[in-house]
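Engineer: Got model_28.txt for you, compact mmCIF, C-alpha atoms:
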# COMPACT_ATOMS: atom_id res chain seq x y z
CA MET L 1 -21.72 17.99 -9.12
CA PRO L 2 -22.07 21.16 -6.97
CA GLU L 3 -19.06 23.09 -5.78
CA PRO L 4 -17.26 21.29 -2.94
CA VAL L 5 -18.02 22.67 0.51
CA GLN L 6 -14.79 23.96 1.95
CA GLN L 7 -14.19 22.31 5.28
CA THR L 8 -11.42 21.06 7.53
CA ILE L 9 -11.55 17.79 9.43
CA ARG L 10 -9.02 17.04 12.15
CA LEU L 11 -8.29 13.74 13.87
CA SER L 12 -5.73 12.68 16.42
CA ILE L 13 -5.05 8.96 16.74
CA ASP L 14 -2.87 6.75 18.89
CA SER L 15 0.02 5.09 17.08
CA ARG L 16 -1.73 1.80 16.37
CA TYR L 17 -2.13 0.24 12.95
CA GLU L 18 -5.82 -0.48 13.52
CA ASN L 19 -6.46 3.27 13.65
CA ILE L 20 -5.51 3.49 9.99
CA GLU L 21 -8.95 2.03 9.23
CA LEU L 22 -10.63 4.87 11.13
CA VAL L 23 -8.82 7.53 9.12
CA GLN L 24 -9.49 5.68 5.89
CA ALA L 25 -13.21 5.67 6.71
CA VAL L 26 -13.16 9.44 7.28
CA LEU L 27 -11.37 9.96 3.97
CA ASP L 28 -13.88 7.73 2.15
CA GLU L 29 -16.80 9.70 3.55
CA THR L 30 -15.15 13.00 2.70
CA LEU L 31 -14.48 11.90 -0.87
CA GLU L 32 -18.15 11.07 -1.45
CA SER L 33 -19.00 14.75 -1.81
CA LEU L 34 -15.95 15.75 -3.84
CA PRO L 35 -15.33 15.75 -7.59
CA ILE L 36 -12.94 12.84 -7.37
CA ASP L 37 -13.80 9.57 -9.06
CA GLU L 38 -13.82 6.25 -7.24
CA GLU L 39 -10.62 4.96 -8.81
CA THR L 40 -8.63 8.06 -7.91
CA GLY L 41 -10.14 8.02 -4.44
CA TYR L 42 -8.95 4.45 -3.99
CA TRP L 43 -5.36 5.42 -4.81
CA MET L 44 -5.59 8.45 -2.54
CA GLY L 45 -6.57 6.05 0.22
CA ILE L 46 -3.46 3.99 -0.41
CA ALA L 47 -1.33 7.16 -0.27
CA LEU L 48 -2.94 8.18 3.01
CA ARG L 49 -2.37 4.70 4.46
CA GLU L 50 1.30 4.91 3.51
CA ALA L 51 1.63 8.29 5.23
CA LEU L 52 -0.05 6.93 8.35
CA THR L 53 2.11 3.82 8.32
CA ASN L 54 5.26 5.92 8.12
CA ALA L 55 4.07 8.14 10.96
CA ILE L 56 3.12 5.23 13.22
CA LYS L 57 6.00 2.89 12.38
CA HIS L 58 8.96 5.10 11.56
CA GLY L 59 7.96 8.41 13.14
CA ASN L 60 6.41 7.34 16.42
CA ALA L 61 8.16 3.96 16.53
CA LEU L 62 4.86 2.20 17.39
CA ASP L 63 4.66 4.03 20.71
CA PRO L 64 0.89 4.15 21.41
CA GLU L 65 1.44 7.09 23.75
CA LYS L 66 2.51 9.19 20.78
CA LYS L 67 -0.14 10.74 18.58
CA VAL L 68 -0.55 11.08 14.87
CA ASP L 69 -2.48 14.19 13.87
CA VAL L 70 -4.39 14.10 10.60
CA CYS L 71 -6.04 16.98 8.79
CA LEU L 72 -8.23 16.77 5.71
CA ALA L 73 -8.73 20.22 4.21
CA VAL L 74 -11.17 20.65 1.36
CA GLY L 75 -10.25 23.73 -0.61
CA GLU L 76 -11.60 25.41 -3.73
CA SER L 77 -9.57 23.34 -6.12
CA GLY L 78 -8.39 20.29 -4.27
CA LEU L 79 -7.94 18.26 -1.13
CA ASP L 80 -4.98 18.65 1.19
CA ILE L 81 -4.17 15.87 3.64
CA THR L 82 -1.56 16.38 6.34
CA VAL L 83 -0.21 13.66 8.61
CA GLU L 84 2.01 14.70 11.50
CA ASP L 85 3.89 12.46 13.90
CA GLN L 86 5.93 13.07 17.05
CA GLY L 87 9.09 11.37 15.90
CA SER L 88 12.57 12.67 15.25
CA GLY L 89 12.20 13.35 11.53
CA PHE L 90 14.08 11.94 8.56
CA ASP L 91 15.79 12.99 5.37
CA PRO L 92 13.47 12.40 2.38
CA GLY L 93 16.45 12.77 0.08
CA ALA L 94 18.13 9.80 1.72
CA VAL L 95 15.31 7.42 0.87
CA ALA L 96 16.53 4.87 -1.64
CA ASP L 97 14.97 4.61 -5.10
CA PRO L 98 12.78 1.49 -5.00
CA LEU L 99 13.10 1.12 -8.77
CA ALA L 100 16.88 0.77 -8.69
CA PRO L 101 17.78 -2.78 -9.70
CA ASP L 102 19.52 -3.46 -6.40
CA ASN L 103 16.41 -2.37 -4.49
CA LEU L 104 13.68 -4.20 -6.39
CA LEU L 105 13.74 -7.15 -4.02
CA LYS L 106 13.92 -5.14 -0.83
CA THR L 107 10.98 -5.66 1.47
CA GLU L 108 10.67 -2.00 2.49
CA GLY L 109 11.10 1.46 1.02
CA ARG L 110 8.13 1.82 -1.35
CA GLY L 111 5.73 3.90 0.77
CA ILE L 112 6.95 7.35 -0.22
CA PHE L 113 7.16 6.27 -3.84
CA TYR L 114 3.50 5.24 -3.76
CA MET L 115 2.50 8.52 -2.11
CA ARG L 116 4.25 10.51 -4.82
CA ARG L 117 2.72 8.37 -7.49
CA PHE L 118 -0.87 8.53 -6.30
CA MET L 119 -1.04 12.21 -5.32
CA ASP L 120 -0.38 15.38 -7.30
CA LYS L 121 2.11 16.78 -4.83
CA ILE L 122 3.71 15.86 -1.54
CA ASP L 123 6.00 17.86 0.68
CA TYR L 124 7.42 17.70 4.17
CA ASP L 125 7.81 19.99 7.13
CA PHE L 126 10.03 19.18 10.08
CA GLY L 127 9.32 20.75 13.44
CA ALA L 128 12.10 22.50 15.35
CA GLU L 129 11.46 20.19 18.29
CA GLY L 130 10.94 17.06 16.22
CA GLY L 131 8.01 15.61 14.36
CA THR L 132 7.43 15.16 10.67
CA LYS L 133 4.47 16.62 8.81
CA VAL L 134 3.75 15.27 5.35
CA ARG L 135 1.30 17.13 3.16
CA LEU L 136 -0.46 15.30 0.34
CA HIS L 137 -2.35 17.29 -2.28
CA LYS L 138 -4.84 16.23 -4.93
CA GLU L 139 -6.45 18.59 -7.40
CA PHE L 140 -10.12 18.34 -8.31
CA ASP L 141 -11.08 17.92 -11.92
CA ALA L 142 -13.30 20.65 -13.36
CA SER L 143 -15.13 17.99 -15.38
CA GLY L 144 -16.34 16.30 -12.22
CA GLY L 145 -13.83 13.50 -12.01
CA SER L 146 -10.25 13.78 -10.92
CA ALA L 147 -7.40 15.53 -12.66
CA GLU L 148 -5.59 12.21 -12.96
CA ALA L 149 -7.94 9.30 -12.77
CA ASN L 150 -5.46 6.49 -12.51
CA GLN L 151 -2.64 5.24 -10.41
CA GLY L 152 -0.05 6.69 -12.76
CA GLY L 153 -1.10 10.27 -12.52
CA ALA L 154 1.21 11.93 -10.09
CA ASN L 155 4.36 13.92 -10.46
CA GLU L 156 7.70 12.36 -9.78
CA ASP L 157 9.74 14.94 -8.01
CA MET Y 1 -7.22 -11.49 5.65
CA LYS Y 2 -8.36 -15.08 5.31
CA ILE Y 3 -6.03 -17.69 3.85
CA ASP Y 4 -7.05 -21.21 2.86
CA LYS Y 5 -4.52 -23.82 1.84
CA ARG Y 6 -5.06 -26.66 -0.61
CA GLN Y 7 -3.04 -28.96 -2.85
CA ARG Y 8 -3.24 -29.47 -6.59
CA ASP Y 9 -0.91 -31.53 -8.76
CA GLY Y 10 1.98 -31.24 -6.33
CA ALA Y 11 1.59 -27.51 -5.79
CA THR Y 12 0.47 -25.80 -2.61
CA ILE Y 13 -2.15 -23.19 -3.34
CA LEU Y 14 -2.89 -20.42 -0.86
CA ASP Y 15 -6.23 -18.74 -1.52
CA LEU Y 16 -5.96 -15.20 -0.16
CA GLN Y 17 -9.05 -13.19 0.68
CA GLY Y 18 -9.13 -9.62 1.98
CA ARG Y 19 -6.46 -6.98 2.31
CA ILE Y 20 -2.71 -7.45 2.42
CA THR Y 21 -2.01 -4.34 4.43
CA ILE Y 22 0.09 -3.43 7.43
CA GLY Y 23 -0.93 -4.98 10.69
CA GLU Y 24 -3.50 -7.18 9.02
CA GLY Y 25 -2.83 -9.33 6.00
CA ASP Y 26 0.92 -8.81 5.84
CA VAL Y 27 1.62 -10.90 8.92
CA ALA Y 28 -0.96 -13.52 7.93
CA LEU Y 29 0.66 -13.94 4.52
CA ARG Y 30 4.13 -14.26 6.03
CA GLU Y 31 2.98 -16.89 8.50
CA ALA Y 32 1.09 -18.88 5.87
CA VAL Y 33 4.06 -18.98 3.49
CA LEU Y 34 6.51 -19.89 6.24
CA ALA Y 35 4.16 -22.62 7.48
CA ALA Y 36 3.87 -24.08 3.98
CA VAL Y 37 7.65 -23.98 3.51
CA GLY Y 38 8.08 -25.57 6.94
CA GLU Y 39 5.81 -28.40 5.88
CA GLY Y 40 8.04 -29.07 2.90
CA ALA Y 41 6.17 -27.22 0.16
CA THR Y 42 8.45 -26.23 -2.72
CA ASN Y 43 5.92 -24.99 -5.25
CA ILE Y 44 3.66 -22.36 -3.73
CA LEU Y 45 0.96 -20.59 -5.70
CA LEU Y 46 -0.74 -17.48 -4.34
CA ASN Y 47 -4.31 -17.06 -5.55
CA MET Y 48 -4.72 -13.27 -5.48
CA GLY Y 49 -8.20 -13.24 -7.05
CA ARG Y 50 -9.97 -12.12 -3.89
CA VAL Y 51 -7.36 -9.68 -2.62
CA ARG Y 52 -9.19 -6.37 -2.27
CA SER Y 53 -6.23 -4.13 -1.61
CA ILE Y 54 -2.49 -4.13 -0.99
CA ASP Y 55 -0.13 -1.51 0.42
CA SER Y 56 3.66 -1.24 0.50
CA SER Y 57 3.85 -3.57 3.50
CA GLY Y 58 1.86 -6.18 1.63
CA VAL Y 59 4.10 -5.75 -1.38
CA GLY Y 60 7.08 -6.21 0.90
CA GLU Y 61 5.62 -9.47 2.16
CA LEU Y 62 5.13 -10.71 -1.40
CA VAL Y 63 8.78 -9.97 -2.09
CA ALA Y 64 9.82 -11.68 1.16
CA ALA Y 65 7.74 -14.73 0.27
CA TYR Y 66 9.31 -14.86 -3.18
CA THR Y 67 12.87 -14.71 -1.84
CA THR Y 68 12.13 -17.16 0.98
CA VAL Y 69 10.79 -19.78 -1.41
CA THR Y 70 13.29 -19.28 -4.23
CA ASN Y 71 16.28 -19.23 -1.87
CA ARG Y 72 15.24 -22.73 -0.80
CA GLY Y 73 15.09 -23.93 -4.38
CA GLY Y 74 11.34 -23.66 -4.68
CA LYS Y 75 9.00 -21.70 -6.92
CA LEU Y 76 6.48 -19.05 -5.96
CA ARG Y 77 3.84 -17.89 -8.42
CA LEU Y 78 1.01 -15.37 -8.21
CA PHE Y 79 -2.16 -15.70 -10.27
CA SER Y 80 -5.54 -14.05 -10.89
CA LEU Y 81 -4.35 -10.60 -9.83
CA PRO Y 82 -7.09 -7.95 -9.63
CA LYS Y 83 -6.36 -4.83 -11.68
CA ARG Y 84 -5.53 -2.65 -8.68
CA VAL Y 85 -3.15 -5.19 -7.17
CA LEU Y 86 -1.45 -5.65 -10.52
CA GLY Y 87 -1.18 -1.87 -10.83
CA VAL Y 88 0.68 -1.58 -7.54
CA LEU Y 89 3.18 -4.21 -8.66
CA GLU Y 90 3.54 -2.67 -12.10
CA ILE Y 91 4.52 0.79 -10.96
CA THR Y 92 7.27 -0.58 -8.75
CA GLN Y 93 8.40 -2.83 -11.60
CA LEU Y 94 7.90 -5.96 -9.55
CA ILE Y 95 6.13 -7.63 -12.45
CA THR Y 96 9.62 -7.97 -13.92
CA VAL Y 97 10.75 -9.93 -10.86
CA LEU Y 98 7.78 -11.83 -9.50
CA ASP Y 99 6.28 -14.69 -11.49
CA ILE Y 100 2.72 -13.66 -12.31
CA LEU Y 101 0.33 -15.93 -14.18
CA GLU Y 102 -3.10 -15.32 -15.62
CA ASP Y 103 -5.03 -18.04 -13.81
CA GLU Y 104 -4.74 -21.15 -11.67
CA ASP Y 105 -4.35 -23.59 -14.57
CA GLU Y 106 -1.41 -21.61 -15.94
CA ALA Y 107 0.16 -21.33 -12.51
CA VAL Y 108 -0.14 -25.05 -11.83
CA ALA Y 109 1.25 -25.91 -15.26
CA SER Y 110 4.20 -23.55 -14.71
CA VAL Y 111 5.47 -25.58 -11.75
CA ALA Y 112 4.54 -29.05 -13.03
Would you put the structure from the file into structure tokens?

Structural biologist:
Amino acid sequence: MPEPVQQTIRLSIDSRYENIELVQAVLDETLESLPIDEETGYWMGIALREALTNAIKHGNALDPEKKVDVCLAVGESGLDITVEDQGSGFDPGAVADPLAPDNLLKTEGRGIFYMRRFMDKIDYDFGAEGGTKVRLHKEFDASGGSAEANQGGANED
Amino acid sequence: MKIDKRQRDGATILDLQGRITIGEGDVALREAVLAAVGEGATNILLNMGRVRSIDSSGVGELVAAYTTVTNRGGKLRLFSLPKRVLGVLEITQLITVLDILEDEDEAVASVA
């Protein structure tokens, strides 16, 4: 596969769940030209959906007047996805461990875990005037596939 | 998300088709399980064979369905899980909690 063309794609969506499908479609099309295999791309899509869900539901509190800004940046060695909401931020360290025995049967609290699991790196920025920006990173694989071609390939940090 | 309901040997089987994701299949699954429970179903089997994808909201609904049914003295089983759906449940260790069977015959036999 030829070298990926470095490009940046930006979208701004209203805080509605149906818009997740739009962003997923853009990711799918972007992935077609990148050295990322289908299986890894699927899990990246799940990670992106979790980030969007958090931004729409928890960040923007389902207020359709508030925007979620998405950026897909194809670099030399990987893909960076950022999702930014207009909410009041949160403390990632305060998110409960979904694998703790007392939390296994909770109905929420797995989204960040899945993002960490399916991507190589995630980090957060919090704006001085509010808003949370989550950055998801996936490395390309020099062999033409992905660096971690399964759902268990990400760092736990 | 499309959900069809049928009966077999005293069990209520819900055939799920599509995605169990936020704003789409998650609500449909919740409503289908609550409707079945409301109609008196105690043994509910979820046929996952045609579930294309699931996210954390869908997983949450599976957990909610499980607790709803078991808290009322019933049994909830999942069967025919596609690899990707099983993977999502494995990494959050829910396969240790939810009752997952290989196929419909096994699931029906498990609640007979």

Engineer: Can you list, as a ChimeraX atom specification, every protein, DNA or RNA residue that comes within 6 Å of region 36-44 of chain Y when you count all atoms listed in the file, leaving out same-chain residues fewer than 5 positions away?

Structural biologist: /Y:11-13,74-76

Engineer: From (9.4, -2.4, -8.0), in the file's coordinates, out to 10 Å: which residues are reached, counting all atoms listed in the file? Answer as a list in words.

Structural biologist: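 Every polymer residue passing the test: Asp97, Pro98, Leu99, Ala100, Pro101, Asn103, Leu104, Leu105, Lys106, Gly109, Arg110 and Phe113 of chain L; Val59, Gly60, Val63, Val88, Leu89, Glu90, Ile91, Thr92, Gln93, Leu94, Ile95, Thr96, Val97 and Leu98 of chain Y.
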
Engineer: Kindly provide, as a PyMOL selection string, the residues of chain L having any atom no farther than 12 Å from an atom of chain Y, counting only C-alpha atoms.

Structural biologist: chain L and resi 15-21+39-40+42-54+56-57+62+97-118+150-154

Engineer: For the atom pair CA of Met48 (chain Y) and CA of Asn71 (chain Y), what is the interatomic distance in Å to one decimal place?

Structural biologist: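 CA of Met48 (chain Y) sits 22.1 Å away from CA of Asn71 (chain Y).
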
Engineer: If I take CA of Ala35 (chain Y) and CA of Val51 (chain Y), how far is one from the other in Å, to one decimal?

Structural biologist: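 CA of Val51 (chain Y) lies 20.1 Å from CA of Ala35 (chain Y).
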
Engineer: Give me the residues near His137 (chain L) as a list in words, where near means some atom within 9 Å (using only C-alpha atoms) and where sequence neighbours in that chain fewer than 3 positions away do not count.

Structural biologist: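 Residues near the query, excluding close chain neighbours: Gly78, Leu79, Asp80, Ile81, Thr82, Met119, Asp120, Lys121, Ile122 and Asp123 of chain L.
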
Engineer: So that I have them on file, write out the residues from the current selection with C-alpha atoms, as a JSON list (two decimals), keeping the file's coordinate frame.

Structural biologist:
[["chain", "number", "residue", "atom", "x", "y", "z"],
["L", 78, "GLY", "CA", -8.39, 20.29, -4.27],
["L", 79, "LEU", "CA", -7.94, 18.26, -1.13],
["L", 80, "ASP", "CA", -4.98, 18.65, 1.19],
["L", 81, "ILE", "CA", -4.17, 15.87, 3.64],
["L", 82, "THR", "CA", -1.56, 16.38, 6.34],
["L", 119, "MET", "CA", -1.04, 12.21, -5.32],
["L", 120, "ASP", "CA", -0.38, 15.38, -7.30],
["L", 121, "LYS", "CA", 2.11, 16.78, -4.83],
["L", 122, "ILE", "CA", 3.71, 15.86, -1.54],
["L", 123, "ASP", "CA", 6.00, 17.86, 0.68]]

Engineer: How far is it from CA of Ile20 (chain Y) to CA of Arg52 (chain Y), in Å with one decimal?

Structural biologist: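 Distance between the two atoms: 8.1 Å.
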
Engineer: Can you tell me, as a list of chain:residue names, what residues are no more than 10 Å from Ser110 (chain Y) when counting all atoms listed in the file, ignoring any on the same chain fewer than 5 positions away?

Structural biologist: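 Near neighbours after the sequence-gap exclusion: Y:Asn43, Y:Lys75, Y:Arg77, Y:Asp99, Y:Leu101, Y:Glu104, Y:Asp105.
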
Engineer: Would you be able to write out as number ranges by chain which residues have an atom within 9 Å of (-9.0, -20.2, -10.3) in the file's coordinates, counting only C-alpha atoms?

Structural biologist: Y: 47, 49, 79-80, 103-105

Engineer: Which neighbours of Arg50 (chain Y) fall inside 10 Å, counting only C-alpha atoms, when residues of the same chain fewer than 3 positions from it are skipped, and could you give them as a list in words?

Structural biologist: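 Non-adjacent residues within range: Met1, Lys2, Asp15, Leu16, Gln17, Gly18, Arg19, Asn47, Ser53, Ser80, Leu81 and Pro82 of chain Y.
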
Engineer: Give the answer as one residue: which of Y:Val108, Y:Leu78, Y:Val85, Y:Val69 has the shortest atom-to-atom distance to Val33 (chain Y), using only C-alpha atoms?

Structural biologist: Y:Val69

Engineer: Output requested as a compact mmCIF listing (two decimals), keeping the file's coordinate frame - region 28-53 of chain L, filled out with N, CA and C atoms.

Structural biologist:
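The resulting file, result09.txt, is reproduced below:
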# COMPACT_ATOMS: atom_id res chain seq x y z
N ASP L 28 -12.87 8.25 3.08
CA ASP L 28 -13.88 7.73 2.15
C ASP L 28 -15.16 8.56 2.21
N GLU L 29 -15.57 8.91 3.41
CA GLU L 29 -16.80 9.70 3.55
C GLU L 29 -16.60 11.10 2.99
N THR L 30 -15.43 11.66 3.22
CA THR L 30 -15.15 13.00 2.70
C THR L 30 -15.16 13.01 1.17
N LEU L 31 -14.59 11.96 0.59
CA LEU L 31 -14.48 11.90 -0.87
C LEU L 31 -15.85 11.80 -1.56
N GLU L 32 -16.84 11.27 -0.84
CA GLU L 32 -18.15 11.07 -1.45
C GLU L 32 -18.75 12.36 -1.99
N SER L 33 -18.41 13.48 -1.38
CA SER L 33 -19.00 14.75 -1.81
C SER L 33 -18.05 15.58 -2.66
N LEU L 34 -16.95 14.99 -3.07
CA LEU L 34 -15.95 15.75 -3.84
C LEU L 34 -15.87 15.26 -5.28
N PRO L 35 -15.46 16.14 -6.18
CA PRO L 35 -15.33 15.75 -7.59
C PRO L 35 -14.06 14.93 -7.83
N ILE L 36 -14.05 13.79 -7.22
CA ILE L 36 -12.94 12.84 -7.37
C ILE L 36 -13.56 11.48 -7.63
N ASP L 37 -13.17 10.84 -8.71
CA ASP L 37 -13.80 9.57 -9.06
C ASP L 37 -13.33 8.45 -8.14
N GLU L 38 -14.06 7.35 -8.17
CA GLU L 38 -13.82 6.25 -7.24
C GLU L 38 -12.40 5.69 -7.36
N GLU L 39 -11.95 5.54 -8.60
CA GLU L 39 -10.62 4.96 -8.81
C GLU L 39 -9.53 5.85 -8.20
N THR L 40 -9.62 7.13 -8.47
CA THR L 40 -8.63 8.06 -7.91
C THR L 40 -8.72 8.08 -6.40
N GLY L 41 -9.96 8.04 -5.88
CA GLY L 41 -10.14 8.02 -4.44
C GLY L 41 -9.50 6.79 -3.80
N TYR L 42 -9.58 5.67 -4.50
CA TYR L 42 -8.95 4.45 -3.99
C TYR L 42 -7.44 4.66 -3.83
N TRP L 43 -6.82 5.23 -4.85
CA TRP L 43 -5.36 5.42 -4.81
C TRP L 43 -4.97 6.48 -3.79
N MET L 44 -5.84 7.48 -3.60
CA MET L 44 -5.59 8.45 -2.54
C MET L 44 -5.60 7.77 -1.18
N GLY L 45 -6.51 6.80 -1.03
CA GLY L 45 -6.57 6.05 0.22
C GLY L 45 -5.28 5.29 0.48
N ILE L 46 -4.73 4.71 -0.57
CA ILE L 46 -3.46 3.99 -0.41
C ILE L 46 -2.36 4.98 0.01
N ALA L 47 -2.34 6.16 -0.62
CA ALA L 47 -1.33 7.16 -0.27
C ALA L 47 -1.47 7.57 1.19
N LEU L 48 -2.71 7.80 1.61
CA LEU L 48 -2.94 8.18 3.01
C LEU L 48 -2.48 7.06 3.96
N ARG L 49 -2.77 5.83 3.61
CA ARG L 49 -2.37 4.70 4.46
C ARG L 49 -0.85 4.63 4.57
N GLU L 50 -0.17 4.93 3.47
CA GLU L 50 1.30 4.91 3.51
C GLU L 50 1.83 6.02 4.43
N ALA L 51 1.20 7.18 4.35
CA ALA L 51 1.63 8.29 5.23
C ALA L 51 1.40 7.93 6.69
N LEU L 52 0.25 7.33 6.98
CA LEU L 52 -0.05 6.93 8.35
C LEU L 52 0.90 5.84 8.83
N THR L 53 1.18 4.89 7.96
CA THR L 53 2.11 3.82 8.32
C THR L 53 3.47 4.39 8.67
